[in-house]
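Colleague: Input model_39.cif, format and content: mmCIF, C-alpha atoms.
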```
data_run
#
loop_
_atom_site.label_atom_id
_atom_site.label_comp_id
_atom_site.auth_asym_id
_atom_site.auth_seq_id
_atom_site.Cartn_x
_atom_site.Cartn_y
_atom_site.Cartn_z
CA MET A 1 53.32 15.03 -132.49
CA ARG A 2 54.13 18.72 -132.63
CA TYR A 3 57.59 19.42 -133.88
CA ALA A 4 59.74 22.22 -135.22
CA TYR A 5 63.00 22.22 -137.07
CA ARG A 6 65.58 24.79 -137.98
CA VAL A 7 68.80 25.06 -139.93
CA THR A 8 71.57 26.00 -137.51
CA SER A 9 74.44 25.86 -140.02
CA ALA A 10 73.63 26.82 -143.60
CA PRO A 11 75.37 25.22 -146.59
CA SER A 12 78.76 26.76 -147.38
CA VAL A 13 78.17 26.71 -151.15
CA GLU A 14 75.18 26.54 -153.47
CA PRO A 15 74.37 23.51 -155.68
CA VAL A 16 74.68 25.77 -158.74
CA SER A 17 77.55 28.25 -158.94
CA LEU A 18 77.19 31.79 -160.19
CA ALA A 19 79.29 30.88 -163.25
CA ASP A 20 77.06 27.89 -164.08
CA ALA A 21 73.90 29.96 -163.65
CA LYS A 22 75.27 32.73 -165.89
CA ALA A 23 76.25 30.20 -168.53
CA HIS A 24 72.69 28.82 -168.43
CA LEU A 25 71.31 32.35 -168.71
CA ARG A 26 73.85 33.29 -171.39
CA VAL A 27 74.78 36.35 -169.35
CA ASP A 28 78.35 37.51 -169.85
CA PHE A 29 78.32 40.73 -167.81
CA GLY A 30 78.57 41.31 -164.09
CA ASP A 31 75.90 43.93 -163.48
CA ASP A 32 73.29 41.38 -162.37
CA ASP A 33 75.55 39.09 -160.33
CA ALA A 34 73.90 40.02 -157.02
CA ILE A 35 70.44 39.37 -158.46
CA ILE A 36 71.48 36.01 -159.91
CA ARG A 37 73.08 34.94 -156.61
CA SER A 38 69.87 35.73 -154.74
CA LEU A 39 67.83 33.79 -157.29
CA ILE A 40 70.12 30.75 -156.88
CA ILE A 41 69.57 30.81 -153.12
CA ALA A 42 65.81 31.23 -153.54
CA ALA A 43 65.67 28.37 -156.07
CA ARG A 44 67.68 26.08 -153.79
CA GLN A 45 65.37 26.87 -150.86
CA GLN A 46 62.31 26.18 -153.02
CA CYS A 47 63.77 22.85 -154.13
CA GLU A 48 64.53 21.86 -150.55
CA GLU A 49 61.01 22.75 -149.47
CA ARG A 50 59.43 20.98 -152.44
CA THR A 51 61.41 17.76 -152.00
CA ARG A 52 61.82 17.89 -148.21
CA ARG A 53 65.51 17.30 -148.74
CA ALA A 54 68.70 19.12 -147.83
CA LEU A 55 71.02 19.55 -150.78
CA ILE A 56 74.47 20.73 -149.68
CA THR A 57 75.68 19.57 -146.22
CA GLN A 58 74.04 21.60 -143.45
CA THR A 59 73.19 21.23 -139.76
CA HIS A 60 69.56 20.81 -138.71
CA GLN A 61 67.81 20.60 -135.37
CA LEU A 62 64.53 18.78 -134.80
CA ILE A 63 62.76 20.04 -131.68
CA LEU A 64 60.07 18.00 -129.89
CA ASP A 65 58.06 18.49 -126.71
CA CYS A 66 58.85 14.92 -125.63
CA PHE A 67 60.14 11.61 -126.93
CA PRO A 68 57.64 9.66 -129.07
CA GLY A 69 55.45 7.41 -126.91
CA ALA A 70 55.29 3.61 -127.04
CA VAL A 71 51.91 3.26 -128.76
CA LEU A 72 52.29 0.90 -131.69
CA GLU A 73 53.44 -2.73 -131.59
CA GLU A 74 56.59 -1.63 -133.42
CA ALA A 75 57.17 0.91 -130.66
CA LEU A 76 56.98 -1.83 -128.03
CA ILE A 77 59.64 -3.79 -129.90
CA PHE A 78 62.00 -0.84 -130.25
CA GLY A 79 61.35 0.66 -126.80
CA GLY A 80 59.50 3.68 -128.16
CA ASP A 81 58.17 5.18 -131.36
CA PRO A 82 60.90 6.21 -133.80
CA ILE A 83 61.95 9.83 -134.13
CA LEU A 84 61.38 10.64 -137.80
CA LEU A 85 63.74 13.24 -139.23
CA PRO A 86 62.04 15.86 -141.44
CA ARG A 87 64.87 16.32 -143.94
CA SER A 88 66.96 13.78 -145.82
CA PRO A 89 69.41 12.47 -146.80
CA VAL A 90 70.90 12.31 -143.31
CA LEU A 91 74.67 12.06 -143.05
CA SER A 92 74.92 11.60 -139.27
CA VAL A 93 73.18 12.27 -135.98
CA THR A 94 75.29 14.63 -133.88
CA SER A 95 73.43 14.55 -130.58
CA ILE A 96 70.12 14.12 -128.78
CA GLN A 97 69.56 16.38 -125.79
CA TYR A 98 66.56 16.48 -123.47
CA VAL A 99 65.30 18.18 -120.32
CA ASP A 100 65.05 15.56 -117.57
CA ASP A 101 62.67 15.38 -114.61
CA GLN A 102 64.96 17.67 -112.58
CA GLY A 103 65.01 20.34 -115.28
CA ASP A 104 68.59 19.65 -116.33
CA THR A 105 69.62 19.43 -119.99
CA VAL A 106 71.10 15.99 -120.60
CA THR A 107 72.85 14.59 -123.67
CA LEU A 108 71.60 11.09 -124.40
CA SER A 109 74.38 8.53 -124.76
CA ALA A 110 74.96 7.50 -128.37
CA SER A 111 74.82 3.87 -127.20
CA ALA A 112 71.18 4.36 -126.17
CA TYR A 113 69.83 4.83 -129.69
CA ARG A 114 70.26 3.64 -133.26
CA SER A 115 70.25 5.93 -136.30
CA ASP A 116 68.71 4.59 -139.50
CA ILE A 117 69.92 7.12 -142.06
CA TYR A 118 69.24 4.91 -145.06
CA SER A 119 65.44 4.64 -144.98
CA HIS A 120 63.34 6.86 -147.25
CA VAL A 121 62.35 8.67 -144.07
CA PRO A 122 65.40 8.57 -141.76
CA ARG A 123 64.59 7.55 -138.20
CA ILE A 124 66.12 7.16 -134.76
CA THR A 125 65.02 4.36 -132.43
CA PRO A 126 66.10 3.30 -128.95
CA ALA A 127 68.90 0.74 -129.00
CA TYR A 128 68.12 -2.83 -128.02
CA GLY A 129 67.25 -2.98 -124.33
CA TYR A 130 66.74 0.79 -124.03
CA THR A 131 63.65 2.99 -123.90
CA TRP A 132 63.30 6.71 -124.42
CA PRO A 133 63.90 8.59 -121.14
CA THR A 134 61.20 10.58 -119.37
CA THR A 135 61.32 14.31 -119.92
CA ARG A 136 60.01 17.19 -117.87
CA PRO A 137 56.59 18.23 -119.27
CA VAL A 138 57.77 21.48 -120.85
CA SER A 139 57.76 22.69 -124.42
CA ASN A 140 60.79 21.97 -126.62
CA ALA A 141 62.15 19.37 -124.21
CA VAL A 142 63.98 17.29 -126.84
CA THR A 143 66.48 18.55 -129.42
CA VAL A 144 67.95 16.30 -132.11
CA THR A 145 70.93 17.76 -133.98
CA TYR A 146 71.95 16.12 -137.25
CA GLN A 147 73.86 16.65 -140.47
CA ALA A 148 71.82 16.51 -143.67
CA GLY A 149 72.59 16.85 -147.36
CA TYR A 150 74.02 14.95 -150.30
CA GLY A 151 77.54 16.16 -149.52
CA PRO A 152 79.71 19.30 -149.28
CA ASP A 153 80.21 19.83 -153.03
CA PRO A 154 77.78 20.93 -155.78
CA ASP A 155 78.58 17.78 -157.77
CA ASP A 156 77.21 15.69 -154.87
CA VAL A 157 73.68 16.96 -155.63
CA PRO A 158 71.73 14.93 -158.22
CA GLU A 159 71.87 16.48 -161.69
CA GLY A 160 68.08 16.56 -161.94
CA ILE A 161 67.84 18.88 -158.94
CA ARG A 162 70.67 21.08 -160.22
CA ALA A 163 68.92 21.32 -163.61
CA ALA A 164 65.68 22.33 -161.87
CA ILE A 165 67.51 25.11 -160.02
CA LYS A 166 68.89 26.46 -163.30
CA ILE A 167 65.45 26.45 -164.88
CA MET A 168 63.95 28.26 -161.91
CA VAL A 169 66.73 30.86 -161.93
CA GLY A 170 66.27 31.36 -165.67
CA THR A 171 62.50 31.77 -165.38
CA TRP A 172 62.70 34.20 -162.48
CA TYR A 173 65.52 36.16 -164.08
CA GLU A 174 63.51 36.58 -167.29
CA HIS A 175 60.26 37.40 -165.49
CA ARG A 176 61.01 39.47 -162.41
CA GLU A 177 57.42 40.45 -161.63
CA ALA A 178 54.73 38.22 -160.15
CA VAL A 179 52.47 38.67 -163.16
CA VAL A 180 53.69 38.13 -166.72
CA THR A 181 51.84 39.33 -169.82
CA GLY A 182 49.09 36.83 -170.64
CA THR A 183 49.78 34.46 -167.74
CA ILE A 184 50.74 34.22 -164.08
CA ALA A 185 54.23 33.16 -163.03
CA THR A 186 54.22 30.10 -160.77
CA PRO A 187 56.76 29.63 -157.94
CA ILE A 188 58.20 26.51 -159.61
CA PRO A 189 58.12 26.23 -163.44
CA MET A 190 56.43 23.06 -164.70
CA SER A 191 59.60 21.68 -166.27
CA ALA A 192 61.49 22.17 -163.00
CA ASP A 193 58.66 20.54 -161.08
CA TYR A 194 58.87 17.46 -163.32
CA LEU A 195 62.60 17.24 -162.70
CA LEU A 196 62.05 17.39 -158.93
CA ARG A 197 59.28 14.79 -158.72
CA PRO A 198 61.57 11.73 -158.43
CA TYR A 199 63.18 13.33 -155.37
CA VAL A 200 60.03 14.43 -153.52
CA ARG A 201 59.82 12.73 -150.14
CA ALA A 202 56.44 11.86 -148.66
CA GLU A 203 55.63 13.82 -145.52
CA VAL A 204 54.92 11.51 -142.61
CA LEU A 205 55.38 13.80 -139.61
CA SER A 206 52.32 15.34 -138.01
#
```
Show this structure as structure tokens.
Modeller:
Amino acid sequence: MRYAYRVTSAPSVEPVSLADAKAHLRVDFGDDDAIIRSLIIAARQQCEERTRRALITQTHQLILDCFPGAVLEEALIFGGDPILLPRSPVLSVTSIQYVDDQGDTVTLSASAYRSDIYSHVPRITPAYGYTWPTTRPVSNAVTVTYQAGYGPDPDDVPEGIRAAIKIMVGTWYEHREAVVTGTIATPIPMSADYLLRPYVRAEVLS
């Protein structure tokens, strides 16, 4: 199923503070603070893309053309295929809105679905006795809004991911060009990639 997602509320802080990054870099002057801040953001975004996880609490929207159809046996049991959320961990599902047959935007009652935020791939299924409603056949008919992330504070993020961010910042700070003498700089240093591997989530959406 075609889908799109977007971050509608970015994290309020970064998993690694400027002070922590400068301590890792052993930088004790302020001339490069703006550069280091931008590298922290870039490293966090790379980590989120690599692991398919949100780090600090943020608001996401998953946008679908329709509700998943009842195709598999599991779908018949649950009243429809599950909606699989593309980023984890999920803290809560805020709302599900859809365009009904009349063209009106309707908010689905929270009692009509169940949110499984604990699975490796978080999912939403119709509640017992419910099925997904019919939508008007238009693009972007269903919008799922949810909160994702490990928590609001940097210390909520696993230390392995925070260490990977520091390594990435250090590598990029030291080598600011795409090509380094005798080698080619990779987007994610090998040591950082190893640190991230335990947190990489398999992609199951199509």
Colleague: Select from segment 13-70 of chain A every residue with an atom at most 12 Å from any atom of segment 121-132 of chain A, then for each give the shortest pair of atoms and their distance in Å to one decimal, using only C-alpha atoms, rows by chain and rising number, as JSON lines.
Modeller:
```
{"residue": "A:Arg52", "atom": "CA", "partner": "A:Val121", "partner_atom": "CA", "distance": 10.1}
{"residue": "A:Arg53", "atom": "CA", "partner": "A:Val121", "partner_atom": "CA", "distance": 10.3}
{"residue": "A:Leu62", "atom": "CA", "partner": "A:Ile124", "partner_atom": "CA", "distance": 11.7}
{"residue": "A:Cys66", "atom": "CA", "partner": "A:Trp132", "partner_atom": "CA", "distance": 9.4}
{"residue": "A:Phe67", "atom": "CA", "partner": "A:Trp132", "partner_atom": "CA", "distance": 6.3}
{"residue": "A:Pro68", "atom": "CA", "partner": "A:Trp132", "partner_atom": "CA", "distance": 7.9}
{"residue": "A:Gly69", "atom": "CA", "partner": "A:Trp132", "partner_atom": "CA", "distance": 8.3}
{"residue": "A:Ala70", "atom": "CA", "partner": "A:Thr131", "partner_atom": "CA", "distance": 9.0}
```
Colleague: So the first atom is atom CA of Ser92 of chain A and the second is atom CA of Thr105 of chain A; what is the distance between them in Å, to one decimal place?
Modeller: 21.5 Å
Colleague: Quick one, how far is atom CA of Val169 of chain A from atom CA of Leu25 of chain A?
Modeller: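 If I compute the distance from atom CA of Val169 of chain A to atom CA of Leu25 of chain A, I get 8.3 Å.
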Colleague: Would you mind telling me which residue in A:Thr135, A:Arg50, A:Gln97, A:Ser38 lies nearest to Asp193 of chain A when using all atoms listed in the file?
Modeller: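 The answer is A:Arg50, which sits nearest to Asp193 of chain A.
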Colleague: Starting from the shown file, work through the PyMOL selection byres ((chain A and resi 168) around 10) and note down what comes out as an MDAnalysis selection string.
Modeller: chainID A and resid 39:40 42:44 46:47 162:167 169:174 186:193
Colleague: Restrict the selected residues to C-alpha atoms and save them as an mmCIF file, in the coordinates of the input.
Modeller:
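New file selection18.cif:
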```cif
data_model
loop_
_atom_site.group_PDB
_atom_site.id
_atom_site.type_symbol
_atom_site.label_atom_id
_atom_site.label_comp_id
_atom_site.auth_asym_id
_atom_site.auth_seq_id
_atom_site.Cartn_x
_atom_site.Cartn_y
_atom_site.Cartn_z
ATOM 1 C CA LEU A 39 67.830 33.790 -157.290
ATOM 2 C CA ILE A 40 70.120 30.750 -156.880
ATOM 3 C CA ALA A 42 65.810 31.230 -153.540
ATOM 4 C CA ALA A 43 65.670 28.370 -156.070
ATOM 5 C CA ARG A 44 67.680 26.080 -153.790
ATOM 6 C CA GLN A 46 62.310 26.180 -153.020
ATOM 7 C CA CYS A 47 63.770 22.850 -154.130
ATOM 8 C CA ARG A 162 70.670 21.080 -160.220
ATOM 9 C CA ALA A 163 68.920 21.320 -163.610
ATOM 10 C CA ALA A 164 65.680 22.330 -161.870
ATOM 11 C CA ILE A 165 67.510 25.110 -160.020
ATOM 12 C CA LYS A 166 68.890 26.460 -163.300
ATOM 13 C CA ILE A 167 65.450 26.450 -164.880
ATOM 14 C CA VAL A 169 66.730 30.860 -161.930
ATOM 15 C CA GLY A 170 66.270 31.360 -165.670
ATOM 16 C CA THR A 171 62.500 31.770 -165.380
ATOM 17 C CA TRP A 172 62.700 34.200 -162.480
ATOM 18 C CA TYR A 173 65.520 36.160 -164.080
ATOM 19 C CA GLU A 174 63.510 36.580 -167.290
ATOM 20 C CA THR A 186 54.220 30.100 -160.770
ATOM 21 C CA PRO A 187 56.760 29.630 -157.940
ATOM 22 C CA ILE A 188 58.200 26.510 -159.610
ATOM 23 C CA PRO A 189 58.120 26.230 -163.440
ATOM 24 C CA MET A 190 56.430 23.060 -164.700
ATOM 25 C CA SER A 191 59.600 21.680 -166.270
ATOM 26 C CA ALA A 192 61.490 22.170 -163.000
ATOM 27 C CA ASP A 193 58.660 20.540 -161.080
#
```
Colleague: Given the file shown, determine the residues that the PyMOL selection byres ((chain A and resi 120) around 10) selects; report them as a list in words.
Modeller: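 Answer for the PyMOL selection byres ((chain A and resi 120) around 10): Ser88, Pro89, Asp116, Ile117, Tyr118, Ser119, Val121, Pro122, Arg123, Arg201 and Ala202 of chain A.
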Colleague: For the structure shown, which residues end up in the PyMOL selection byres ((chain A and resi 106) around 12)? Put them as a PyMOL selection string, please?
Modeller: chain A and resi 95-105+107-109+133-136+141-144
